[in-house]
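Read through the structure below, which is laid out as structure tokens, and then see the notes.
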Amino acid sequence: MKIIQVARTIKIINIYRIVMNKKIKFFIPFLALVLIFSFLPACNGDSTLKEKANGEIKDITIKTDEDLTEEGYLAEIRSISNSLNVNFNNYYKITNGFYKGYYSLSNHKEITKEFIREINICYSQYLDLTPVKKFEVAHNMFGDAMKEFNMCGVYLESYIGSNKESEMKNSLNKFFDAASWGAKFLNEAMEKFTNISKGIITVEDIKASDEVASINQSIECNGLRIKVIDYKILDSYESEEGSHHAGEGIKFLMANIIVENVSGIKKVTPNYSQFEILYYSTPIKPKSYQASLEGENFYNSENILPSKTCEGWIIYEIPILARIEDFLIVFKESERDKTYYWSFEIE
């Protein structure tokens with residue numbers, strides 16, 4: 001990959017020399033755009049895109065069914081991303097030819113009109129998509145990229161409609177800025193789609209799913225009603241074993257858990273180790289302990305009668321600069337059961 005990038009960089013330098021020799025000063029912004037066109041994210045394309053890459057332009061029809069499957073939704077996202085990649089790279093090649101004198105200004109503007117049409121098609125296809133729930137965050141990131149690419153079309157329309165060198169240069173500069181941001185957002189969005197597909201879920205993704213409880217909100221699982229009722233962030237705490245001080249770069253997060261038996265039979269409450277916290281995409285296990293917390297109770301599993309409760313604190317070590325909104329408490333009874341989440345927000 002680095003060899004290809006070096007080769008393209010050499011090519012860019014040669015183009016720059018040609019442009020400078022011809023003194024086409026107002027087209028200099030396109031030189032920086034070569035970098036964007038060359039390095040937009042590449043995805044595995046379908047047969048339609050392969051035909052288009054070979055020179056035959058065909059529109060891609062996007063499904064708009066409400067019941068679009070996860071696999072189908074991702075296929076549509078890849079198609080749009082691939083289409084953008086193909087079109088930007090084709091436009092780069094044509095613009096390269098324009099620098100070398102293969103196209104006149106009027107010809108280049110006519111080709112730019114077709115490029116704008118392709119951008120608009122991609123944008124319309126994006127607007128027709130309804131995201132699968134778990135991909136909503138990635139979809140919104142993808143949308144940020146699409147908005148920038150849509151603005152690329154707007155600025156290129158201004159370039160086409162002007163005959164003044166200063167106005168054309170200004171339009172192309174704006175096009176460059178929008179394309180730069182679009183490429184950045186597109187890379188980030190596609191990385192997010194990949195991570196979610198691989199099961200790398202973040203706090204932001206889970207919060208977008210509307211399946212997160214808040215402080216004092218309970219969930220019910222296998223005859224037990226569970227809720228997080230309070231939390232503390234401390235530099236130290238006292239227990240029967242003595243003083244405990246946070247190490248360098250960390251602090252303590254303490255969560256108060258209460259479990260009520262709402263079944264008609266005796267129940268064993270979950271072990272403290274079943275309550276992890278999620279920091280961005282990193283799970284953090286609770287500290288192990290046996291001693292009692294001074295003035296409070298550590299949470300421990302108990303065998304409780306119907307209508308009885310089990311309550312106590314669970315302690316975690318977290319990064320000292322972390323914000324409380326970057327965490328979720330995660331509980332799962334077993335591998336077969338649903339996963340439950342609590343934020344530390346109070347509603």
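Labeling convention for the structure tokens: chains A, B, ... as they appear, residues from 1 per chain, ligands from 1 in order of appearance.
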Residue contacts of A:Glu211 (9 Å, only C-alpha atoms) excluding same-chain residues fewer than 6 positions away, as a ChimeraX atom specification
/A:340-342
Would you output that residue set with C-alpha atoms, as a PDB file, in the first residue's frame?
ATOM      1  CA  TYR A 340     -28.806  -5.205  30.166  1.00  0.00           C
ATOM      2  CA  TYR A 341     -27.290  -1.725  30.446  1.00  0.00           C
ATOM      3  CA  TRP A 342     -27.483   1.226  32.800  1.00  0.00           C
TER       4      TRP A 342
END
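For A:Ala189, the non-local neighbours within 6 Å, defined as residues at least 5 positions apart in the same chain or in other chains and counting only C-alpha atoms, are Ala138, Met141 and Phe142 of chain A.
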One residue among A:Glu148, A:Asp230, A:Glu204, A:Asp337 is nearest to A:Asp177 when using only C-alpha atoms, and that residue is A:Glu148
Go ahead and compute the interatomic distance for atom CA of A:Thr95 and atom CA of A:Leu172, in Å to one decimal.
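That distance, rounded to one decimal, is 12.5 Å.
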Write out as a ChimeraX atom specification which residues come within 7 Å of A:Val268 when counting only C-alpha atoms, dropping same-chain ones fewer than 2 positions away.
/A:270,301-304
Which residues are close to A:Tyr159, i.e. within 9 Å by only C-alpha atoms, leaving aside same-chain residues fewer than 2 positions away? Reply as a list of chain:residue names.
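Counting only the stated atoms, we get A:Lys109, A:Val154, A:Tyr155, A:Leu156, A:Glu157, A:Gly161, A:Ser162, A:Asn163, A:Glu167, A:Met168, A:Lys169, A:Asn170, A:Ser171, A:Leu172.
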Taking the chain letters and numbering used in this document, name the residues of stretch 54-286 of chain A that DSSP puts in strand (DSSP E), as a PyMOL selection string.
chain A and resi 212-215+218-221+224-234+236-239+242-245+250-261+267-268+275-279+282-284
What is the atom CA of A:Gly199-atom CA of A:Ile284 distance in Å, reported with one decimal?
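If I compute the distance from atom CA of A:Gly199 to atom CA of A:Ile284, I get 16.6 Å.
Distance check against A:Ile318 using only C-alpha atoms: of A:Gly264, A:Gly97, A:Pro306, A:Gly249, the minimum falls on A:Gly249.
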Please provide the set of residues having any atom within 12 Å of A:Ile201, restricted to only C-alpha atoms, with same-chain residues fewer than 3 positions apart removed, written as a ChimeraX atom specification.
/A:134-135,137-138,192-198,204-209,278-283,328
May I ask which of the residues A:His108, A:Thr130, A:Leu84, A:Met190 is the closest one to A:Glu70, counting only C-alpha atoms?
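Comparing A:His108, A:Thr130, A:Leu84, A:Met190 against A:Glu70, the winner is A:Thr130.
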Can you tell me, as an mmCIF file with N, CA and C atoms, in the first residue's frame, what residues are no more than 10 Å from A:Ile219 when counting only C-alpha atoms, ignoring any on the same chain fewer than 4 positions away?
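What ended up in part-v6.cif:
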data_model
loop_
_atom_site.group_PDB
_atom_site.id
_atom_site.type_symbol
_atom_site.label_atom_id
_atom_site.label_comp_id
_atom_site.auth_asym_id
_atom_site.auth_seq_id
_atom_site.Cartn_x
_atom_site.Cartn_y
_atom_site.Cartn_z
ATOM 1 N N VAL A 212 -31.162 1.337 27.181
ATOM 2 C CA VAL A 212 -30.323 1.650 28.327
ATOM 3 C C VAL A 212 -31.172 2.236 29.444
ATOM 4 N N ALA A 213 -31.079 1.635 30.638
ATOM 5 C CA ALA A 213 -31.784 2.151 31.803
ATOM 6 C C ALA A 213 -30.949 3.259 32.448
ATOM 7 N N LEU A 224 -35.862 -11.685 39.123
ATOM 8 C CA LEU A 224 -35.146 -10.700 39.930
ATOM 9 C C LEU A 224 -35.319 -9.310 39.323
ATOM 10 N N ARG A 225 -35.588 -8.337 40.180
ATOM 11 C CA ARG A 225 -35.670 -6.936 39.742
ATOM 12 C C ARG A 225 -34.366 -6.255 40.160
ATOM 13 N N ILE A 226 -33.629 -5.734 39.185
ATOM 14 C CA ILE A 226 -32.295 -5.196 39.437
ATOM 15 C C ILE A 226 -32.247 -3.728 39.022
ATOM 16 N N LYS A 227 -31.619 -2.915 39.854
ATOM 17 C CA LYS A 227 -31.408 -1.524 39.457
ATOM 18 C C LYS A 227 -30.157 -0.954 40.104
ATOM 19 N N VAL A 228 -29.620 0.066 39.457
ATOM 20 C CA VAL A 228 -28.492 0.834 39.984
ATOM 21 C C VAL A 228 -29.096 2.076 40.629
ATOM 22 N N VAL A 259 -30.927 -5.665 44.318
ATOM 23 C CA VAL A 259 -31.602 -6.764 43.635
ATOM 24 C C VAL A 259 -32.766 -7.237 44.515
ATOM 25 N N TYR A 340 -28.133 -6.408 29.677
ATOM 26 C CA TYR A 340 -28.806 -5.205 30.166
ATOM 27 C C TYR A 340 -27.774 -4.124 30.457
ATOM 28 N N TYR A 341 -28.207 -2.857 30.276
ATOM 29 C CA TYR A 341 -27.290 -1.725 30.446
ATOM 30 C C TYR A 341 -27.925 -0.631 31.299
ATOM 31 N N TRP A 342 -27.087 0.013 32.082
ATOM 32 C CA TRP A 342 -27.483 1.226 32.800
ATOM 33 C C TRP A 342 -26.472 2.333 32.496
#
Hey, which of A:Cys310, A:Val86, A:Ile77, A:Val330 ends up closest to A:Gln125? Count only C-alpha atoms.
A:Ile77
Record the distance separating atom CA of A:Phe344 and atom CA of A:Ile329, expressed in Å with one decimal.
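Computing the Euclidean distance for atom CA of A:Phe344 and atom CA of A:Ile329 yields 8.1 Å.
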From a DSSP calculation on the backbone, collect every residue of stretch 65-143 of chain A in helix (DSSP H, G or I) and output the set as a PyMOL selection string.
chain A and resi 70-99+105-128+133-143
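Residues in contact with A:Val132 at up to 9 Å, not including ones fewer than 5 positions away on its chain and judged by only C-alpha atoms, are Leu68, Thr69, Glu70, Tyr73, Leu74 and His139 of chain A.
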With only C-alpha atoms as the basis for distance, which of A:Leu321, A:Ile315, A:Ile229, A:Val262 is at the shortest distance from A:Lys287?
A:Ile315
